[in-house]
>>> print(open('run_1.txt').read())   # compact mmCIF, N, CA and C atoms
# COMPACT_ATOMS: atom_id res chain seq x y z
N MET L 1386 33.31 90.17 173.01
CA MET L 1386 33.81 91.41 172.47
C MET L 1386 33.26 91.57 171.05
N PHE L 1387 32.84 92.76 170.73
CA PHE L 1387 32.27 93.04 169.42
C PHE L 1387 33.34 93.47 168.44
N THR L 1388 33.13 93.12 167.17
CA THR L 1388 34.03 93.57 166.13
C THR L 1388 33.74 95.03 165.81
N GLU L 1389 34.62 95.65 165.08
CA GLU L 1389 34.42 97.04 164.67
C GLU L 1389 33.14 97.16 163.84
N GLU L 1390 32.90 96.18 162.96
CA GLU L 1390 31.70 96.19 162.12
C GLU L 1390 30.43 96.07 162.95
N GLU L 1391 30.47 95.22 163.97
CA GLU L 1391 29.30 95.05 164.84
C GLU L 1391 29.02 96.32 165.65
N ARG L 1392 30.06 96.96 166.15
CA ARG L 1392 29.87 98.22 166.89
C ARG L 1392 29.29 99.30 165.98
N ALA L 1393 29.75 99.34 164.73
CA ALA L 1393 29.22 100.32 163.77
C ALA L 1393 27.75 100.05 163.49
N ALA L 1394 27.37 98.78 163.39
CA ALA L 1394 25.97 98.43 163.14
C ALA L 1394 25.08 98.84 164.30
N VAL L 1395 25.54 98.63 165.52
CA VAL L 1395 24.77 99.02 166.70
C VAL L 1395 24.62 100.54 166.75
N ALA L 1396 25.69 101.27 166.45
CA ALA L 1396 25.62 102.73 166.43
C ALA L 1396 24.64 103.20 165.35
N ALA L 1397 24.65 102.53 164.20
CA ALA L 1397 23.74 102.91 163.12
C ALA L 1397 22.28 102.72 163.53
N THR L 1398 21.98 101.62 164.20
CA THR L 1398 20.59 101.39 164.60
C THR L 1398 20.15 102.39 165.66
N ALA L 1399 21.04 102.82 166.51
CA ALA L 1399 20.68 103.85 167.50
C ALA L 1399 20.32 105.15 166.80
N ARG L 1400 21.09 105.52 165.77
CA ARG L 1400 20.78 106.73 164.99
C ARG L 1400 19.44 106.57 164.26
N GLU L 1401 19.19 105.38 163.72
CA GLU L 1401 17.94 105.12 163.00
C GLU L 1401 16.73 105.29 163.92
N ARG L 1402 16.82 104.75 165.10
CA ARG L 1402 15.70 104.85 166.05
C ARG L 1402 15.46 106.28 166.48
N LYS L 1403 16.53 107.01 166.72
CA LYS L 1403 16.40 108.40 167.15
C LYS L 1403 15.75 109.24 166.06
N SER L 1404 16.17 109.04 164.81
CA SER L 1404 15.62 109.86 163.73
C SER L 1404 14.20 109.47 163.36
N ALA L 1405 13.75 108.27 163.74
CA ALA L 1405 12.41 107.80 163.37
C ALA L 1405 11.30 108.41 164.20
N SER L 1406 11.61 108.93 165.35
CA SER L 1406 10.54 109.41 166.24
C SER L 1406 9.90 110.69 165.72
N GLY L 1407 8.57 110.74 165.78
CA GLY L 1407 7.82 111.94 165.48
C GLY L 1407 7.66 112.28 164.01
N ARG L 1408 7.91 111.35 163.11
CA ARG L 1408 7.77 111.66 161.69
C ARG L 1408 6.41 111.21 161.17
N SER L 1409 5.90 111.94 160.18
CA SER L 1409 4.67 111.52 159.51
C SER L 1409 5.02 110.34 158.60
N PRO L 1410 4.00 109.57 158.17
CA PRO L 1410 4.28 108.45 157.26
C PRO L 1410 5.01 108.89 155.97
N ALA L 1411 4.62 110.03 155.42
CA ALA L 1411 5.28 110.51 154.21
C ALA L 1411 6.73 110.89 154.48
N GLU L 1412 6.97 111.54 155.63
CA GLU L 1412 8.34 111.89 156.00
C GLU L 1412 9.17 110.64 156.26
N GLU L 1413 8.55 109.67 156.91
CA GLU L 1413 9.25 108.41 157.20
C GLU L 1413 9.67 107.72 155.91
N ARG L 1414 8.77 107.67 154.94
CA ARG L 1414 9.09 107.04 153.65
C ARG L 1414 10.20 107.81 152.93
N ALA L 1415 10.08 109.13 152.86
CA ALA L 1415 11.08 109.94 152.15
C ALA L 1415 12.45 109.86 152.82
N GLU L 1416 12.47 110.00 154.14
CA GLU L 1416 13.74 109.94 154.86
C GLU L 1416 14.32 108.53 154.84
N GLY L 1417 13.45 107.53 154.91
CA GLY L 1417 13.92 106.15 154.84
C GLY L 1417 14.56 105.84 153.51
N LEU L 1418 13.95 106.32 152.43
CA LEU L 1418 14.51 106.11 151.10
C LEU L 1418 15.85 106.83 150.98
N GLN L 1419 15.92 108.04 151.51
CA GLN L 1419 17.18 108.79 151.49
C GLN L 1419 18.27 108.03 152.26
N ASP L 1420 17.92 107.50 153.43
CA ASP L 1420 18.88 106.74 154.22
C ASP L 1420 19.31 105.47 153.49
N LEU L 1421 18.35 104.78 152.87
CA LEU L 1421 18.66 103.57 152.13
C LEU L 1421 19.62 103.88 150.99
N ARG L 1422 19.34 104.92 150.24
CA ARG L 1422 20.22 105.30 149.12
C ARG L 1422 21.62 105.68 149.61
N ALA L 1423 21.69 106.37 150.74
CA ALA L 1423 22.99 106.73 151.31
C ALA L 1423 23.76 105.47 151.72
N SER L 1424 23.04 104.50 152.27
CA SER L 1424 23.66 103.22 152.64
C SER L 1424 24.22 102.53 151.41
N LEU L 1425 23.45 102.50 150.34
CA LEU L 1425 23.91 101.88 149.10
C LEU L 1425 25.13 102.61 148.53
N ALA L 1426 25.12 103.93 148.60
CA ALA L 1426 26.21 104.73 148.04
C ALA L 1426 27.55 104.45 148.72
N LYS L 1427 27.52 104.04 149.97
CA LYS L 1427 28.75 103.76 150.72
C LYS L 1427 29.33 102.38 150.42
N MET L 1428 28.58 101.54 149.73
CA MET L 1428 29.01 100.17 149.48
C MET L 1428 30.00 100.09 148.33
N PRO L 1429 30.85 99.05 148.34
CA PRO L 1429 31.68 98.78 147.17
C PRO L 1429 30.78 98.54 145.95
N ALA L 1430 31.31 98.73 144.76
CA ALA L 1430 30.51 98.68 143.53
C ALA L 1430 29.68 97.41 143.37
N ASP L 1431 30.26 96.25 143.66
CA ASP L 1431 29.50 95.00 143.46
C ASP L 1431 28.34 94.88 144.45
N ASP L 1432 28.57 95.24 145.71
CA ASP L 1432 27.48 95.23 146.69
C ASP L 1432 26.42 96.27 146.34
N ARG L 1433 26.87 97.44 145.92
CA ARG L 1433 25.94 98.52 145.57
C ARG L 1433 25.04 98.09 144.41
N ALA L 1434 25.62 97.49 143.38
CA ALA L 1434 24.83 97.05 142.22
C ALA L 1434 23.79 96.02 142.65
N MET L 1435 24.20 95.07 143.50
CA MET L 1435 23.26 94.06 143.96
C MET L 1435 22.17 94.70 144.83
N GLY L 1436 22.56 95.59 145.72
CA GLY L 1436 21.60 96.25 146.60
C GLY L 1436 20.60 97.10 145.83
N GLU L 1437 21.08 97.80 144.80
CA GLU L 1437 20.18 98.62 143.99
C GLU L 1437 19.18 97.75 143.24
N ARG L 1438 19.65 96.62 142.72
CA ARG L 1438 18.75 95.72 142.00
C ARG L 1438 17.73 95.10 142.95
N ILE L 1439 18.19 94.69 144.12
CA ILE L 1439 17.26 94.12 145.11
C ILE L 1439 16.23 95.17 145.52
N HIS L 1440 16.67 96.41 145.68
CA HIS L 1440 15.72 97.49 146.02
C HIS L 1440 14.63 97.59 144.94
N ALA L 1441 15.03 97.54 143.68
CA ALA L 1441 14.06 97.61 142.59
C ALA L 1441 13.10 96.42 142.63
N ILE L 1442 13.61 95.24 142.92
CA ILE L 1442 12.78 94.04 142.99
C ILE L 1442 11.77 94.15 144.13
N VAL L 1443 12.24 94.54 145.30
CA VAL L 1443 11.37 94.64 146.48
C VAL L 1443 10.28 95.68 146.27
N THR L 1444 10.66 96.86 145.79
CA THR L 1444 9.67 97.93 145.64
C THR L 1444 8.67 97.62 144.53
N ALA L 1445 9.08 96.86 143.51
CA ALA L 1445 8.13 96.45 142.48
C ALA L 1445 7.19 95.37 143.01
N ALA L 1446 7.71 94.47 143.84
CA ALA L 1446 6.90 93.37 144.37
C ALA L 1446 5.85 93.86 145.36
N VAL L 1447 6.25 94.74 146.28
CA VAL L 1447 5.34 95.24 147.32
C VAL L 1447 5.61 96.74 147.51
N PRO L 1448 4.99 97.58 146.68
CA PRO L 1448 5.23 99.03 146.77
C PRO L 1448 4.88 99.64 148.12
N ALA L 1449 4.02 98.99 148.89
CA ALA L 1449 3.61 99.55 150.19
C ALA L 1449 4.70 99.44 151.25
N LEU L 1450 5.71 98.60 151.04
CA LEU L 1450 6.77 98.50 152.04
C LEU L 1450 7.55 99.81 152.10
N VAL L 1451 7.94 100.18 153.30
CA VAL L 1451 8.64 101.44 153.53
C VAL L 1451 10.15 101.18 153.52
N PRO L 1452 10.88 101.83 152.61
CA PRO L 1452 12.33 101.66 152.60
C PRO L 1452 12.94 102.37 153.81
N LYS L 1453 13.99 101.78 154.36
CA LYS L 1453 14.68 102.38 155.50
C LYS L 1453 16.02 101.68 155.65
N THR L 1454 16.71 101.97 156.71
CA THR L 1454 17.91 101.20 157.02
C THR L 1454 17.69 100.47 158.34
N TYR L 1455 18.42 99.38 158.49
CA TYR L 1455 18.32 98.51 159.65
C TYR L 1455 19.75 98.11 159.99
N TYR L 1456 20.24 98.61 161.11
CA TYR L 1456 21.66 98.43 161.46
C TYR L 1456 22.55 98.93 160.33
N GLY L 1457 22.10 99.99 159.65
CA GLY L 1457 22.87 100.59 158.57
C GLY L 1457 22.73 99.89 157.23
N MET L 1458 21.89 98.85 157.16
CA MET L 1458 21.71 98.08 155.92
C MET L 1458 20.36 98.43 155.29
N PRO L 1459 20.25 98.31 153.96
CA PRO L 1459 18.96 98.53 153.31
C PRO L 1459 17.91 97.56 153.86
N ALA L 1460 16.73 98.09 154.14
CA ALA L 1460 15.67 97.27 154.73
C ALA L 1460 14.30 97.79 154.29
N TYR L 1461 13.29 96.97 154.56
CA TYR L 1461 11.93 97.28 154.15
C TYR L 1461 10.99 96.92 155.28
N ALA L 1462 10.12 97.88 155.62
CA ALA L 1462 9.23 97.72 156.77
C ALA L 1462 7.78 97.84 156.35
N ARG L 1463 6.91 97.31 157.19
CA ARG L 1463 5.48 97.49 156.96
C ARG L 1463 5.10 98.94 157.25
N GLU L 1464 4.11 99.42 156.54
CA GLU L 1464 3.57 100.75 156.81
C GLU L 1464 2.77 100.69 158.09
N GLY L 1465 2.58 101.83 158.70
CA GLY L 1465 1.70 101.90 159.86
C GLY L 1465 2.42 101.98 161.18
N LYS L 1466 1.63 101.80 162.22
CA LYS L 1466 2.14 102.01 163.58
C LYS L 1466 3.30 101.10 163.94
N ASP L 1467 3.19 99.82 163.62
CA ASP L 1467 4.28 98.94 164.06
C ASP L 1467 5.56 99.20 163.27
N GLY L 1468 5.45 99.49 161.98
CA GLY L 1468 6.61 99.85 161.17
C GLY L 1468 7.76 98.87 161.25
N LYS L 1469 7.45 97.61 161.51
CA LYS L 1469 8.51 96.63 161.73
C LYS L 1469 9.18 96.22 160.43
N VAL L 1470 10.49 96.12 160.50
CA VAL L 1470 11.27 95.65 159.36
C VAL L 1470 10.90 94.19 159.12
N ILE L 1471 10.63 93.87 157.86
CA ILE L 1471 10.36 92.47 157.54
C ILE L 1471 11.45 91.87 156.65
N ALA L 1472 12.19 92.71 155.92
CA ALA L 1472 13.23 92.19 155.03
C ALA L 1472 14.41 93.15 155.00
N PHE L 1473 15.59 92.59 154.73
CA PHE L 1473 16.80 93.41 154.69
C PHE L 1473 17.83 92.79 153.76
N PHE L 1474 18.72 93.63 153.25
CA PHE L 1474 19.85 93.20 152.42
C PHE L 1474 21.12 93.43 153.22
N LYS L 1475 21.87 92.35 153.43
CA LYS L 1475 23.14 92.45 154.15
C LYS L 1475 24.27 92.24 153.15
N PRO L 1476 24.95 93.32 152.75
CA PRO L 1476 26.03 93.19 151.78
C PRO L 1476 27.22 92.43 152.37
N LYS L 1477 27.92 91.71 151.52
CA LYS L 1477 29.05 90.91 152.01
C LYS L 1477 30.13 91.78 152.63
N SER L 1478 30.23 93.02 152.20
CA SER L 1478 31.25 93.92 152.75
C SER L 1478 30.94 94.35 154.18
N LYS L 1479 29.69 94.23 154.61
CA LYS L 1479 29.29 94.69 155.94
C LYS L 1479 30.08 93.98 157.04
N PHE L 1480 30.20 92.67 156.91
CA PHE L 1480 30.92 91.90 157.92
C PHE L 1480 32.08 91.11 157.31
N LYS L 1481 32.49 91.54 156.11
CA LYS L 1481 33.65 90.96 155.42
C LYS L 1481 33.53 89.45 155.27
N VAL L 1482 32.42 89.04 154.67
CA VAL L 1482 32.18 87.62 154.40
C VAL L 1482 32.14 87.39 152.89
N ARG L 1483 32.02 86.14 152.48
CA ARG L 1483 32.16 85.82 151.06
C ARG L 1483 30.88 85.97 150.23
N TYR L 1484 29.73 86.20 150.86
CA TYR L 1484 28.49 86.38 150.11
C TYR L 1484 27.56 87.35 150.83
N SER L 1485 26.72 87.99 150.05
CA SER L 1485 25.68 88.86 150.60
C SER L 1485 24.48 87.99 150.96
N THR L 1486 23.58 88.55 151.77
CA THR L 1486 22.36 87.81 152.10
C THR L 1486 21.15 88.72 151.97
N PHE L 1487 20.03 88.08 151.71
CA PHE L 1487 18.73 88.75 151.75
C PHE L 1487 17.96 88.01 152.82
N GLY L 1488 17.54 88.74 153.85
CA GLY L 1488 16.94 88.07 155.00
C GLY L 1488 15.61 88.65 155.42
N PHE L 1489 14.97 87.93 156.33
CA PHE L 1489 13.65 88.29 156.83
C PHE L 1489 13.64 88.26 158.34
N GLN L 1490 12.88 89.15 158.92
CA GLN L 1490 12.72 89.24 160.37
C GLN L 1490 11.56 88.35 160.83
N PRO L 1491 11.46 88.09 162.13
CA PRO L 1491 10.39 87.22 162.64
C PRO L 1491 8.97 87.67 162.29
N ASP L 1492 8.75 88.97 162.07
CA ASP L 1492 7.41 89.44 161.73
C ASP L 1492 7.02 89.18 160.28
N ALA L 1493 7.96 88.71 159.47
CA ALA L 1493 7.65 88.35 158.09
C ALA L 1493 6.77 87.10 158.09
N SER L 1494 5.81 87.07 157.19
CA SER L 1494 4.86 85.95 157.12
C SER L 1494 5.39 84.85 156.21
N LEU L 1495 6.47 84.21 156.60
CA LEU L 1495 7.08 83.18 155.77
C LEU L 1495 6.79 81.76 156.24
N ASP L 1496 6.04 81.61 157.31
CA ASP L 1496 5.80 80.29 157.89
C ASP L 1496 5.45 79.27 156.81
N ASP L 1497 6.13 78.11 156.89
CA ASP L 1497 5.93 77.05 155.92
C ASP L 1497 6.17 75.71 156.60
N GLY L 1498 5.17 75.23 157.31
CA GLY L 1498 5.32 73.97 158.02
C GLY L 1498 6.14 74.12 159.28
N GLU L 1499 6.97 73.14 159.54
CA GLU L 1499 7.77 73.12 160.77
C GLU L 1499 9.11 73.83 160.63
N MET L 1500 9.53 74.14 159.39
CA MET L 1500 10.84 74.76 159.19
C MET L 1500 10.85 75.56 157.89
N TRP L 1501 11.48 76.73 157.91
CA TRP L 1501 11.59 77.56 156.71
C TRP L 1501 12.81 78.45 156.84
N GLY L 1502 13.30 78.88 155.69
CA GLY L 1502 14.46 79.75 155.66
C GLY L 1502 14.09 81.19 156.00
N THR L 1503 15.02 81.88 156.65
CA THR L 1503 14.80 83.29 156.97
C THR L 1503 15.91 84.19 156.43
N GLU L 1504 17.00 83.60 155.95
CA GLU L 1504 18.09 84.39 155.37
C GLU L 1504 18.70 83.56 154.25
N PHE L 1505 18.92 84.21 153.11
CA PHE L 1505 19.36 83.51 151.92
C PHE L 1505 20.65 84.12 151.37
N ALA L 1506 21.65 83.29 151.15
CA ALA L 1506 22.89 83.74 150.54
C ALA L 1506 22.61 84.10 149.08
N VAL L 1507 23.16 85.22 148.64
CA VAL L 1507 22.98 85.66 147.26
C VAL L 1507 24.36 85.99 146.70
N THR L 1508 24.79 85.20 145.71
CA THR L 1508 26.09 85.45 145.09
C THR L 1508 25.96 86.12 143.73
N LYS L 1509 24.79 85.95 143.11
CA LYS L 1509 24.54 86.52 141.79
C LYS L 1509 23.04 86.68 141.60
N LEU L 1510 22.64 87.77 140.98
CA LEU L 1510 21.22 87.99 140.71
C LEU L 1510 20.89 87.54 139.30
N THR L 1511 20.35 86.35 139.20
CA THR L 1511 19.89 85.80 137.93
C THR L 1511 18.37 86.01 137.87
N PRO L 1512 17.76 85.83 136.71
CA PRO L 1512 16.29 85.95 136.66
C PRO L 1512 15.60 85.02 137.66
N LYS L 1513 16.12 83.82 137.85
CA LYS L 1513 15.53 82.87 138.79
C LYS L 1513 15.64 83.40 140.23
N VAL L 1514 16.79 83.94 140.60
CA VAL L 1514 16.99 84.48 141.95
C VAL L 1514 16.10 85.70 142.15
N GLU L 1515 16.04 86.57 141.15
CA GLU L 1515 15.19 87.76 141.25
C GLU L 1515 13.73 87.38 141.45
N SER L 1516 13.28 86.38 140.70
CA SER L 1516 11.90 85.91 140.84
C SER L 1516 11.64 85.36 142.24
N ARG L 1517 12.61 84.62 142.77
CA ARG L 1517 12.46 84.04 144.11
C ARG L 1517 12.39 85.13 145.17
N ILE L 1518 13.25 86.16 145.04
CA ILE L 1518 13.21 87.28 145.99
C ILE L 1518 11.83 87.94 145.95
N SER L 1519 11.33 88.18 144.75
CA SER L 1519 10.01 88.80 144.60
C SER L 1519 8.92 87.96 145.27
N GLU L 1520 8.94 86.65 145.03
CA GLU L 1520 7.95 85.76 145.64
C GLU L 1520 8.03 85.80 147.17
N LEU L 1521 9.25 85.73 147.69
CA LEU L 1521 9.44 85.72 149.14
C LEU L 1521 8.97 87.03 149.78
N VAL L 1522 9.27 88.15 149.13
CA VAL L 1522 8.86 89.45 149.67
C VAL L 1522 7.34 89.56 149.69
N LYS L 1523 6.69 89.12 148.63
CA LYS L 1523 5.22 89.15 148.59
C LYS L 1523 4.63 88.31 149.72
N LYS L 1524 5.19 87.13 149.92
CA LYS L 1524 4.70 86.26 150.99
C LYS L 1524 4.99 86.88 152.35
N ALA L 1525 6.19 87.41 152.53
CA ALA L 1525 6.60 87.98 153.82
C ALA L 1525 5.72 89.17 154.22
N ALA L 1526 5.32 89.96 153.23
CA ALA L 1526 4.51 91.15 153.50
C ALA L 1526 3.08 90.78 153.90
N GLY L 1527 2.71 89.54 153.62
CA GLY L 1527 1.37 89.08 154.01
C GLY L 1527 0.37 89.55 153.05
>>> encode(input="run_1.txt", output="structure tokens")
Amino acid sequence: MFTEEERAAVAATARERKSASGRSPAEERAEGLQDLRASLAKMPADDRAMGERIHAIVTAAVPALVPKTYYGMPAYAREGKDGKVIAFFKPKSKFKVRYSTFGFQPDASLDDGEMWGTEFAVTKLTPKVESRISELVKKAAG
């Protein structure tokens, strides 16, 4: 049985997929940014502040990534035909947990030997954490 939060996430991704069809790259970027900002606006203040800062870090690190939402969460995808999400911010309020996470999808280029992290708990954005997010996003984007 799914929780209310999980059902809402599934409904959000269905809306995202429906709205994505038939858009030009410029429209996709503009609408994706609008959706991402709307997602941030709905968050509690602490999650919103973290999400806005992470958005600034990601877009500064790899400006070519396309902002969008992924299951209703802020996310970043590769440009072009595949348009696959490679990174996302999951606010702690989304599933009522004690920390937010910044994560990566399987298409992210993070491979590092036999084992590597794909989702990172974020409790506070310090200069060290911000630098690490920037490094990971650059690597993930390939």
>>> residues_around(input="run_1.txt", residues="segment 1450-1460 of chain L", least_positions_apart="2", cutoff="8 Å", atoms="only C-alpha atoms", output="ChimeraX atom specification")
/L:1394-1398,1401,1413-1414,1416-1421,1424-1425,1436,1444,1447-1448,1462-1464,1470-1476,1526
>>> write_last_selection(input="run_1.txt", atoms="N, CA and C atoms", output="JSON list (two decimals), keeping the file's coordinate frame")
[["chain", "number", "residue", "atom", "x", "y", "z"],
["L", 1394, "ALA", "N", 27.37, 98.78, 163.39],
["L", 1394, "ALA", "CA", 25.97, 98.43, 163.14],
["L", 1394, "ALA", "C", 25.08, 98.84, 164.30],
["L", 1395, "VAL", "N", 25.54, 98.63, 165.52],
["L", 1395, "VAL", "CA", 24.77, 99.02, 166.70],
["L", 1395, "VAL", "C", 24.62, 100.54, 166.75],
["L", 1396, "ALA", "N", 25.69, 101.27, 166.45],
["L", 1396, "ALA", "CA", 25.62, 102.73, 166.43],
["L", 1396, "ALA", "C", 24.64, 103.20, 165.35],
["L", 1397, "ALA", "N", 24.65, 102.53, 164.20],
["L", 1397, "ALA", "CA", 23.74, 102.91, 163.12],
["L", 1397, "ALA", "C", 22.28, 102.72, 163.53],
["L", 1398, "THR", "N", 21.98, 101.62, 164.20],
["L", 1398, "THR", "CA", 20.59, 101.39, 164.60],
["L", 1398, "THR", "C", 20.15, 102.39, 165.66],
["L", 1401, "GLU", "N", 19.19, 105.38, 163.72],
["L", 1401, "GLU", "CA", 17.94, 105.12, 163.00],
["L", 1401, "GLU", "C", 16.73, 105.29, 163.92],
["L", 1413, "GLU", "N", 8.55, 109.67, 156.91],
["L", 1413, "GLU", "CA", 9.25, 108.41, 157.20],
["L", 1413, "GLU", "C", 9.67, 107.72, 155.91],
["L", 1414, "ARG", "N", 8.77, 107.67, 154.94],
["L", 1414, "ARG", "CA", 9.09, 107.04, 153.65],
["L", 1414, "ARG", "C", 10.20, 107.81, 152.93],
["L", 1416, "GLU", "N", 12.47, 110.00, 154.14],
["L", 1416, "GLU", "CA", 13.74, 109.94, 154.86],
["L", 1416, "GLU", "C", 14.32, 108.53, 154.84],
["L", 1417, "GLY", "N", 13.45, 107.53, 154.91],
["L", 1417, "GLY", "CA", 13.92, 106.15, 154.84],
["L", 1417, "GLY", "C", 14.56, 105.84, 153.51],
["L", 1418, "LEU", "N", 13.95, 106.32, 152.43],
["L", 1418, "LEU", "CA", 14.51, 106.11, 151.10],
["L", 1418, "LEU", "C", 15.85, 106.83, 150.98],
["L", 1419, "GLN", "N", 15.92, 108.04, 151.51],
["L", 1419, "GLN", "CA", 17.18, 108.79, 151.49],
["L", 1419, "GLN", "C", 18.27, 108.03, 152.26],
["L", 1420, "ASP", "N", 17.92, 107.50, 153.43],
["L", 1420, "ASP", "CA", 18.88, 106.74, 154.22],
["L", 1420, "ASP", "C", 19.31, 105.47, 153.49],
["L", 1421, "LEU", "N", 18.35, 104.78, 152.87],
["L", 1421, "LEU", "CA", 18.66, 103.57, 152.13],
["L", 1421, "LEU", "C", 19.62, 103.88, 150.99],
["L", 1424, "SER", "N", 23.04, 104.50, 152.27],
["L", 1424, "SER", "CA", 23.66, 103.22, 152.64],
["L", 1424, "SER", "C", 24.22, 102.53, 151.41],
["L", 1425, "LEU", "N", 23.45, 102.50, 150.34],
["L", 1425, "LEU", "CA", 23.91, 101.88, 149.10],
["L", 1425, "LEU", "C", 25.13, 102.61, 148.53],
["L", 1436, "GLY", "N", 22.56, 95.59, 145.72],
["L", 1436, "GLY", "CA", 21.60, 96.25, 146.60],
["L", 1436, "GLY", "C", 20.60, 97.10, 145.83],
["L", 1444, "THR", "N", 10.66, 96.86, 145.79],
["L", 1444, "THR", "CA", 9.67, 97.93, 145.64],
["L", 1444, "THR", "C", 8.67, 97.62, 144.53],
["L", 1447, "VAL", "N", 6.25, 94.74, 146.28],
["L", 1447, "VAL", "CA", 5.34, 95.24, 147.32],
["L", 1447, "VAL", "C", 5.61, 96.74, 147.51],
["L", 1448, "PRO", "N", 4.99, 97.58, 146.68],
["L", 1448, "PRO", "CA", 5.23, 99.03, 146.77],
["L", 1448, "PRO", "C", 4.88, 99.64, 148.12],
["L", 1462, "ALA", "N", 10.12, 97.88, 155.62],
["L", 1462, "ALA", "CA", 9.23, 97.72, 156.77],
["L", 1462, "ALA", "C", 7.78, 97.84, 156.35],
["L", 1463, "ARG", "N", 6.91, 97.31, 157.19],
["L", 1463, "ARG", "CA", 5.48, 97.49, 156.96],
["L", 1463, "ARG", "C", 5.10, 98.94, 157.25],
["L", 1464, "GLU", "N", 4.11, 99.42, 156.54],
["L", 1464, "GLU", "CA", 3.57, 100.75, 156.81],
["L", 1464, "GLU", "C", 2.77, 100.69, 158.09],
["L", 1470, "VAL", "N", 10.49, 96.12, 160.50],
["L", 1470, "VAL", "CA", 11.27, 95.65, 159.36],
["L", 1470, "VAL", "C", 10.90, 94.19, 159.12],
["L", 1471, "ILE", "N", 10.63, 93.87, 157.86],
["L", 1471, "ILE", "CA", 10.36, 92.47, 157.54],
["L", 1471, "ILE", "C", 11.45, 91.87, 156.65],
["L", 1472, "ALA", "N", 12.19, 92.71, 155.92],
["L", 1472, "ALA", "CA", 13.23, 92.19, 155.03],
["L", 1472, "ALA", "C", 14.41, 93.15, 155.00],
["L", 1473, "PHE", "N", 15.59, 92.59, 154.73],
["L", 1473, "PHE", "CA", 16.80, 93.41, 154.69],
["L", 1473, "PHE", "C", 17.83, 92.79, 153.76],
["L", 1474, "PHE", "N", 18.72, 93.63, 153.25],
["L", 1474, "PHE", "CA", 19.85, 93.20, 152.42],
["L", 1474, "PHE", "C", 21.12, 93.43, 153.22],
["L", 1475, "LYS", "N", 21.87, 92.35, 153.43],
["L", 1475, "LYS", "CA", 23.14, 92.45, 154.15],
["L", 1475, "LYS", "C", 24.27, 92.24, 153.15],
["L", 1476, "PRO", "N", 24.95, 93.32, 152.75],
["L", 1476, "PRO", "CA", 26.03, 93.19, 151.78],
["L", 1476, "PRO", "C", 27.22, 92.43, 152.37],
["L", 1526, "ALA", "N", 5.32, 89.96, 153.23],
["L", 1526, "ALA", "CA", 4.51, 91.15, 153.50],
["L", 1526, "ALA", "C", 3.08, 90.78, 153.90]]
>>> atom_distance(input="run_1.txt", atom1="atom C of Arg1438 of chain L", atom2="atom N of Thr1511 of chain L")
9.9 Å
>>> axis_aligned_box(input="run_1.txt", around="segment 1510-1522 of chain L", padding_each_side="6 Å", output="JSON")
{"center_x": 15.0, "center_y": 86.2, "center_z": 143.2, "size_x": 27.3, "size_y": 18.7, "size_z": 25.1}
>>> atom_distance(input="run_1.txt", atom1="atom CA of Thr1508 of chain L", atom2="atom CA of Tyr1484 of chain L")
5.6 Å
>>> select_by_dssp(input="run_1.txt", residues="segment 1435-1499 of chain L", states="alpha helix (DSSP H)", output="list of chain:residue names")
L:Met1435, L:Gly1436, L:Glu1437, L:Arg1438, L:Ile1439, L:His1440, L:Ala1441, L:Ile1442, L:Val1443, L:Thr1444, L:Ala1445, L:Ala1446
>>> residues_near_point(input="run_1.txt", point="(10.4, 87.7, 158.8)", cutoff="7 Å", atoms="only N, CA and C atoms", output="ChimeraX atom specification")
/L:1470-1472,1488-1495,1503,1525
